[in-house]
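Encoded as structure tokens, the structure appears first; notes follow it.
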Amino acid sequence: MSELYMLGIEEAAKGLEKGDFSSVELTQAIIDRVHDHDGEIGAYLTFDEEGALAAAKVADEIRSGKSAASPSAASPLLGIPVAIKDLINVRGQPCTCGSKILKGYVSPYDATVIKNLKAAGAVCAGRVNMDEFAMGSSTENSALGRTVNPYDTSRVPGGSSGGSAAAVGGDLAIAALGTDTGGSIRQPASFCNCVGLKPSYGRVSRFGVTAFASSLDQVGPMTKNVTDAALLLQGLAGHDEMDGTTPDIPVPDYAKALEGATLKGVKLGLPKEYFIDGLDPEVKAITDAAVKTCADAGAEIVDVSLPHTEYAMAVYYIVAPAEASANLARFDGVRYGHRSDKSDNVFNLYARSRAEGFGPEVKRRIIMGTYVLSSGYYDAYYGRALKVRTLIRRDFEEVFKKVDALIAPVAPTAAFKIGEVLDPLKMYLNDLFTIPGSLAGNCSVSIPAGFTASANLPVGVQFIADAFCEDKLLRIGKAFEDIVPPVRG
């Protein structure tokens, strides 16, 4: 039972179905692994062991027929422990968003994605670290602890879903939920050698997920392979009356879409704007090898252009901070979370509580966002950024008339050393290749593609498809993964 923690969702589900082990044993294997190794990695902030084992016991009773409770014993997520990024509300558990301002807050309700997971029988296994309020690309901005890369503990795991990626990449979780606003699932997945899927905007409900930038945020799976990503997405996706941005459209059978996956006849676009000066030579070499692999497998590689890509970074760092400024106004020291004890009037209560509770990066983005929304600057910055965002979206729409998907790097580099990138502007460049697709609302996935020769660090390749084409995206990803299987350990 000692190696159960190495399983993915599909493998674990098969073992549970055959009776090779129980969900309680599987969950206990994860707990033991966390006890033994998370002191070094720092992926988890909290872990409700008692609650996880109780949920696992219920799953075992359903599977054995001793309980008639939902879900069906056929659910592939039944009894599977899943780690939860610490900005997703789970009833009775902390939800700190990696921030001092929410330290001590306990959620009174479940986010829709958690309701969906519980309905499918999954076990919410623990809460994993993140950059504060999802603002960062290294998880160094967490106010509650340091998370390191399981492949090199001197390096970052990426961010903001660094805890999710480190947990999956370090076999501290069977799978995890992350969130992606500008690259926060895909970049850490690339750094930690796991699959990270950012669904199309609206495919997964955001209700109960603490908002960073409401027009960009999406919850998605972080898993050990593409099949697991399909199974977990199936449990998350769908219309939600509590989230008006989720369209009432059918959700495909993602696992079925993987059957017979092939790259033959697939048209893959190679956007020239993603192969620029500053792209690390080893990352470029791995990406070039992935492109050749696809071509050798029968894919047609088509050179394409996304001409407004050069403006994506500027647009993102106007739109996202502006929305963050509005969303984070609720954290005022009055209703919940940190309250300053050094205040003698209401204004000082607000100001001191926020000054004491928020970290430097969050303050930086609130200031930027407030500025671009202020009187006299709204049209010059925010209004103009929204217009350019439309042009970026149209670029993708035109390209997807010619190709099935795009193939590109995930990040300009492999995982960098802790403390190496101190300049905020340099840190922002980590999302250079992931931000455009986020602004357009497309779906995209990072899939392990190899390791650097110099430091043996994992590197992912990114596939990008049109909005609500996750079935096509996963099919392409599975075909690539079948040729380039992920190397674990």
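Residues are referred to by chain and number: the chain letter is A, B, ... according to the order shown in the structure tokens, the number counts from 1 in that chain, and ligands are numbered separately from 1 in the order shown.
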Margin query: DSSP on the backbone, alpha helix (DSSP H) only: what residues of segment 389-441 of chain A does that give? Format it as a count of residues only.
Written below: 22
Margin query: Residues near Gly98 of chain A, anyone? I mean within 10 Å using only C-alpha atoms, not counting same-chain ones fewer than 3 positions away, as JSON, numbers by chain.
Written below: {"A": [45, 85, 86, 87, 95, 101, 102, 103, 128, 129, 130, 131, 132, 133, 134, 135, 139, 141, 142, 143, 144, 145, 160, 358, 359]}
Next item on the list: Give me the residues within 10 Å of Ala211 of chain A as a PyMOL selection string, counting only C-alpha atoms and dropping any in the same chain fewer than 3 places off.
Entry: chain A and resi 87-88+97+133-134+181+206-208+214-218+323-324+326-328
Excluding same-chain residues fewer than 4 positions from segment 12-18 of chain A, what lies within 10 Å of it counting only C-alpha atoms, as a PDB file with N, CA and C atoms, in the first residue's frame?
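The result, stored in out_9.pdb:
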ATOM      1  N   LEU A   4       0.607   3.721  -3.206  1.00  0.00           N
ATOM      2  CA  LEU A   4      -0.688   4.151  -3.740  1.00  0.00           C
ATOM      3  C   LEU A   4      -0.678   5.626  -4.091  1.00  0.00           C
ATOM      4  N   TYR A   5       0.136   6.411  -3.383  1.00  0.00           N
ATOM      5  CA  TYR A   5       0.191   7.852  -3.633  1.00  0.00           C
ATOM      6  C   TYR A   5       0.690   8.174  -5.042  1.00  0.00           C
ATOM      7  N   MET A   6       1.325   7.222  -5.719  1.00  0.00           N
ATOM      8  CA  MET A   6       1.852   7.470  -7.055  1.00  0.00           C
ATOM      9  C   MET A   6       0.778   7.349  -8.134  1.00  0.00           C
ATOM     10  N   LEU A   7      -0.373   6.833  -7.783  1.00  0.00           N
ATOM     11  CA  LEU A   7      -1.426   6.601  -8.776  1.00  0.00           C
ATOM     12  C   LEU A   7      -2.054   7.903  -9.244  1.00  0.00           C
ATOM     13  N   GLY A   8      -2.594   7.847 -10.467  1.00  0.00           N
ATOM     14  CA  GLY A   8      -3.448   8.919 -10.957  1.00  0.00           C
ATOM     15  C   GLY A   8      -4.901   8.546 -10.770  1.00  0.00           C
ATOM     16  N   SER A  22      -8.877   0.066  -0.695  1.00  0.00           N
ATOM     17  CA  SER A  22     -10.062   0.874  -0.405  1.00  0.00           C
ATOM     18  C   SER A  22      -9.732   2.359  -0.524  1.00  0.00           C
ATOM     19  N   SER A  23     -10.756   3.174  -0.559  1.00  0.00           N
ATOM     20  CA  SER A  23     -10.560   4.616  -0.579  1.00  0.00           C
ATOM     21  C   SER A  23      -9.909   5.094   0.710  1.00  0.00           C
ATOM     22  N   GLU A  25      -7.746   3.396   2.433  1.00  0.00           N
ATOM     23  CA  GLU A  25      -6.320   3.089   2.297  1.00  0.00           C
ATOM     24  C   GLU A  25      -5.628   4.059   1.345  1.00  0.00           C
ATOM     25  N   LEU A  26      -6.303   4.418   0.269  1.00  0.00           N
ATOM     26  CA  LEU A  26      -5.747   5.376  -0.689  1.00  0.00           C
ATOM     27  C   LEU A  26      -5.545   6.738  -0.036  1.00  0.00           C
ATOM     28  N   ASP A  60     -16.298   4.134   0.247  1.00  0.00           N
ATOM     29  CA  ASP A  60     -16.141   2.677   0.281  1.00  0.00           C
ATOM     30  C   ASP A  60     -17.475   1.982   0.516  1.00  0.00           C
ATOM     31  N   ARG A  63     -19.442   2.042  -2.712  1.00  0.00           N
ATOM     32  CA  ARG A  63     -18.900   1.096  -3.679  1.00  0.00           C
ATOM     33  C   ARG A  63     -19.258  -0.360  -3.314  1.00  0.00           C
ATOM     34  N   SER A  64     -19.305  -0.639  -2.020  1.00  0.00           N
ATOM     35  CA  SER A  64     -19.602  -2.012  -1.584  1.00  0.00           C
ATOM     36  C   SER A  64     -21.089  -2.310  -1.542  1.00  0.00           C
ATOM     37  N   ALA A  73     -21.845   4.183  -7.811  1.00  0.00           N
ATOM     38  CA  ALA A  73     -20.577   3.483  -7.598  1.00  0.00           C
ATOM     39  C   ALA A  73     -19.720   3.492  -8.856  1.00  0.00           C
ATOM     40  N   ALA A  74     -20.333   3.857 -10.001  1.00  0.00           N
ATOM     41  CA  ALA A  74     -19.603   3.881 -11.267  1.00  0.00           C
ATOM     42  C   ALA A  74     -18.852   5.193 -11.482  1.00  0.00           C
ATOM     43  N   SER A  75     -19.053   6.170 -10.625  1.00  0.00           N
ATOM     44  CA  SER A  75     -18.378   7.457 -10.796  1.00  0.00           C
ATOM     45  C   SER A  75     -16.864   7.282 -10.738  1.00  0.00           C
ATOM     46  N   PRO A  76     -16.112   7.765 -11.745  1.00  0.00           N
ATOM     47  CA  PRO A  76     -14.645   7.585 -11.733  1.00  0.00           C
ATOM     48  C   PRO A  76     -13.954   8.388 -10.642  1.00  0.00           C
ATOM     49  N   LEU A  77     -14.658   9.334 -10.037  1.00  0.00           N
ATOM     50  CA  LEU A  77     -14.068  10.145  -8.973  1.00  0.00           C
ATOM     51  C   LEU A  77     -14.425   9.628  -7.583  1.00  0.00           C
ATOM     52  N   LEU A  78     -15.244   8.575  -7.510  1.00  0.00           N
ATOM     53  CA  LEU A  78     -15.686   8.063  -6.219  1.00  0.00           C
ATOM     54  C   LEU A  78     -14.498   7.595  -5.387  1.00  0.00           C
ATOM     55  N   GLY A  79     -14.320   8.232  -4.239  1.00  0.00           N
ATOM     56  CA  GLY A  79     -13.266   7.841  -3.321  1.00  0.00           C
ATOM     57  C   GLY A  79     -11.881   8.351  -3.673  1.00  0.00           C
ATOM     58  N   ILE A  80     -11.784   9.241  -4.671  1.00  0.00           N
ATOM     59  CA  ILE A  80     -10.480   9.767  -5.097  1.00  0.00           C
ATOM     60  C   ILE A  80     -10.168  11.047  -4.327  1.00  0.00           C
ATOM     61  N   PRO A  81      -9.063  11.096  -3.580  1.00  0.00           N
ATOM     62  CA  PRO A  81      -8.706  12.341  -2.875  1.00  0.00           C
ATOM     63  C   PRO A  81      -8.146  13.385  -3.831  1.00  0.00           C
ATOM     64  N   ILE A 174      -3.289  12.813  -5.551  1.00  0.00           N
ATOM     65  CA  ILE A 174      -3.676  12.081  -6.759  1.00  0.00           C
ATOM     66  C   ILE A 174      -3.964  13.072  -7.872  1.00  0.00           C
TER      67      ILE A 174
END
Find the spatial neighbours of Lys478 of chain A, counting only C-alpha atoms, within a cut-off of 7 Å - ignore same-chain residues fewer than 3 positions away - and output them as a PDB file with C-alpha atoms, in the first residue's frame.
ATOM      1  CA  VAL A 226      -4.362  13.841 -19.841  1.00  0.00           C
ATOM      2  CA  LEU A 258      -9.941  10.496 -26.016  1.00  0.00           C
ATOM      3  CA  ALA A 261      -6.797   9.881 -30.231  1.00  0.00           C
ATOM      4  CA  LEU A 474      -7.836  16.897 -24.748  1.00  0.00           C
ATOM      5  CA  ARG A 475      -7.875  14.559 -27.757  1.00  0.00           C
ATOM      6  CA  GLU A 481       1.087  12.176 -24.558  1.00  0.00           C
ATOM      7  CA  ASP A 482       0.824   8.706 -26.104  1.00  0.00           C
TER       8      ASP A 482
END
Notebook entry, point to check: Could you write out, as an NGL selection string, all the residues of segment 20-109 of chain A that DSSP marks as strand (DSSP E or B)?
Noted result: :A and (44-46 or 81-85 or 88 or 94 or 106)
Convert the current residue selection to file output with C-alpha atoms, as a compact mmCIF listing (two decimals), in the first residue's frame.
# COMPACT_ATOMS: atom_id res chain seq x y z
CA TYR A 44 -0.20 22.02 1.92
CA LEU A 45 -1.42 24.75 4.25
CA THR A 46 -3.95 22.58 6.09
CA PRO A 81 -8.71 12.34 -2.87
CA VAL A 82 -8.25 15.73 -4.56
CA ALA A 83 -6.20 18.63 -3.18
CA ILE A 84 -7.90 22.04 -3.23
CA LYS A 85 -6.26 25.39 -3.96
CA ILE A 88 -11.89 27.69 -3.27
CA PRO A 94 -10.19 27.51 6.07
CA VAL A 106 -13.57 29.29 7.90
Next item on the list: Please provide as a PyMOL selection string all residues within 12 Å of Gly51 of chain A, with the sequence filter that same-chain residues fewer than 3 positions apart are discarded (counting only C-alpha atoms).
Entry: chain A and resi 24+27-28+31+46-48+54-58+81+90-93+123-126
For the residues selected in the previous step, produce a file with C-alpha atoms as an mmCIF file, in the first residue's frame.
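The resulting part.cif:
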data_model
loop_
_atom_site.group_PDB
_atom_site.id
_atom_site.type_symbol
_atom_site.label_atom_id
_atom_site.label_comp_id
_atom_site.auth_asym_id
_atom_site.auth_seq_id
_atom_site.Cartn_x
_atom_site.Cartn_y
_atom_site.Cartn_z
ATOM 1 C CA VAL A 24 -9.629 4.794 3.096
ATOM 2 C CA THR A 27 -6.477 8.479 1.355
ATOM 3 C CA GLN A 28 -4.302 7.244 4.218
ATOM 4 C CA ILE A 31 -1.816 11.459 4.370
ATOM 5 C CA THR A 46 -3.953 22.575 6.088
ATOM 6 C CA PHE A 47 -5.223 19.000 5.808
ATOM 7 C CA ASP A 48 -8.467 17.846 7.405
ATOM 8 C CA ALA A 54 -14.643 9.989 6.877
ATOM 9 C CA ALA A 55 -15.496 10.915 3.272
ATOM 10 C CA ALA A 56 -13.336 8.041 2.026
ATOM 11 C CA LYS A 57 -15.196 5.623 4.310
ATOM 12 C CA VAL A 58 -18.539 6.766 2.868
ATOM 13 C CA PRO A 81 -8.706 12.341 -2.875
ATOM 14 C CA VAL A 90 -15.078 24.213 1.193
ATOM 15 C CA ARG A 91 -17.628 24.228 3.991
ATOM 16 C CA GLY A 92 -15.999 23.946 7.408
ATOM 17 C CA GLN A 93 -12.470 24.440 6.078
ATOM 18 C CA VAL A 123 -12.627 13.351 -1.268
ATOM 19 C CA CYS A 124 -11.572 16.963 -0.609
ATOM 20 C CA ALA A 125 -8.208 16.016 0.793
ATOM 21 C CA GLY A 126 -6.410 19.176 1.837
#
Near segment 368-382 of chain A, within 9 Å and counting only C-alpha atoms, which residues show up once chain neighbours fewer than 2 positions away are dropped, as a JSON list (two decimals) with N, CA and C atoms, in the first residue's frame?
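Once everything was written out, this is around.json:
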[["chain", "number", "residue", "atom", "x", "y", "z"],
["A", 315, "VAL", "N", -2.39, 44.87, -21.80],
["A", 315, "VAL", "CA", -3.83, 44.77, -21.60],
["A", 315, "VAL", "C", -4.15, 44.03, -20.30],
["A", 317, "TYR", "N", -2.32, 43.62, -17.61],
["A", 317, "TYR", "CA", -1.94, 44.34, -16.39],
["A", 317, "TYR", "C", -2.64, 45.69, -16.25],
["A", 318, "ILE", "N", -3.65, 45.89, -17.08],
["A", 318, "ILE", "CA", -4.64, 46.94, -16.84],
["A", 318, "ILE", "C", -5.95, 46.30, -16.38],
["A", 319, "VAL", "N", -6.42, 45.32, -17.14],
["A", 319, "VAL", "CA", -7.72, 44.69, -16.86],
["A", 319, "VAL", "C", -7.69, 43.93, -15.54],
["A", 320, "ALA", "N", -6.70, 43.06, -15.34],
["A", 320, "ALA", "CA", -6.69, 42.22, -14.14],
["A", 320, "ALA", "C", -6.55, 43.04, -12.85],
["A", 321, "PRO", "N", -5.61, 43.97, -12.75],
["A", 321, "PRO", "CA", -5.55, 44.78, -11.52],
["A", 321, "PRO", "C", -6.79, 45.64, -11.29],
["A", 322, "ALA", "N", -7.40, 46.11, -12.39],
["A", 322, "ALA", "CA", -8.62, 46.91, -12.23],
["A", 322, "ALA", "C", -9.72, 46.06, -11.59],
["A", 323, "GLU", "N", -9.89, 44.85, -12.07],
["A", 323, "GLU", "CA", -10.91, 43.97, -11.50],
["A", 323, "GLU", "C", -10.54, 43.53, -10.09],
["A", 324, "ALA", "N", -9.24, 43.33, -9.85],
["A", 324, "ALA", "CA", -8.79, 42.97, -8.50],
["A", 324, "ALA", "C", -9.06, 44.09, -7.52],
["A", 325, "SER", "N", -8.84, 45.32, -7.94],
["A", 325, "SER", "CA", -9.09, 46.47, -7.08],
["A", 325, "SER", "C", -10.54, 46.49, -6.61],
["A", 326, "ALA", "N", -11.44, 46.20, -7.53],
["A", 326, "ALA", "CA", -12.86, 46.19, -7.17],
["A", 326, "ALA", "C", -13.20, 44.97, -6.30],
["A", 363, "LYS", "N", -0.97, 44.71, -2.77],
["A", 363, "LYS", "CA", -1.06, 46.18, -2.67],
["A", 363, "LYS", "C", -0.69, 46.84, -3.99],
["A", 364, "ARG", "N", 0.37, 46.31, -4.63],
["A", 364, "ARG", "CA", 0.82, 46.87, -5.90],
["A", 364, "ARG", "C", -0.29, 46.82, -6.93],
["A", 365, "ARG", "N", -0.96, 45.68, -7.01],
["A", 365, "ARG", "CA", -1.99, 45.52, -8.05],
["A", 365, "ARG", "C", -3.25, 46.31, -7.70],
["A", 366, "ILE", "N", -3.58, 46.42, -6.43],
["A", 366, "ILE", "CA", -4.73, 47.25, -6.05],
["A", 366, "ILE", "C", -4.47, 48.70, -6.43],
["A", 384, "ARG", "N", -9.58, 51.63, -23.19],
["A", 384, "ARG", "CA", -8.77, 51.29, -24.35],
["A", 384, "ARG", "C", -8.30, 49.83, -24.28],
["A", 385, "ALA", "N", -7.95, 49.37, -23.08],
["A", 385, "ALA", "CA", -7.50, 47.98, -22.91],
["A", 385, "ALA", "C", -8.59, 47.00, -23.32],
["A", 386, "LEU", "N", -9.85, 47.31, -23.00],
["A", 386, "LEU", "CA", -10.94, 46.43, -23.39],
["A", 386, "LEU", "C", -11.09, 46.35, -24.91],
["A", 387, "LYS", "N", -10.84, 47.46, -25.58],
["A", 387, "LYS", "CA", -10.91, 47.45, -27.05],
["A", 387, "LYS", "C", -9.80, 46.58, -27.66]]
Next item on the list: Identify which of the residues A:Thr147, A:Ser340, A:Ser137, A:Thr309 lies closest to Met427 of chain A, counting only C-alpha atoms when measuring atom-to-atom distances.
Entry: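 Smallest distance to Met427 of chain A is found for A:Ser137.
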Next item on the list: Enter the distance from atom CA of Ile41 of chain A to atom CA of Gly158 of chain A, in Å, rounded to one decimal.
Entry: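 Result for atom CA of Ile41 of chain A versus atom CA of Gly158 of chain A: 12.9 Å, one decimal.
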Item checked: Residue nearest Gly202 of chain A - candidates A:Pro409, A:Gly220, A:Gly39, A:Pro436, atoms counted: only C-alpha atoms ->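 The shortest atom-to-atom distance to Gly202 of chain A comes from A:Gly220.
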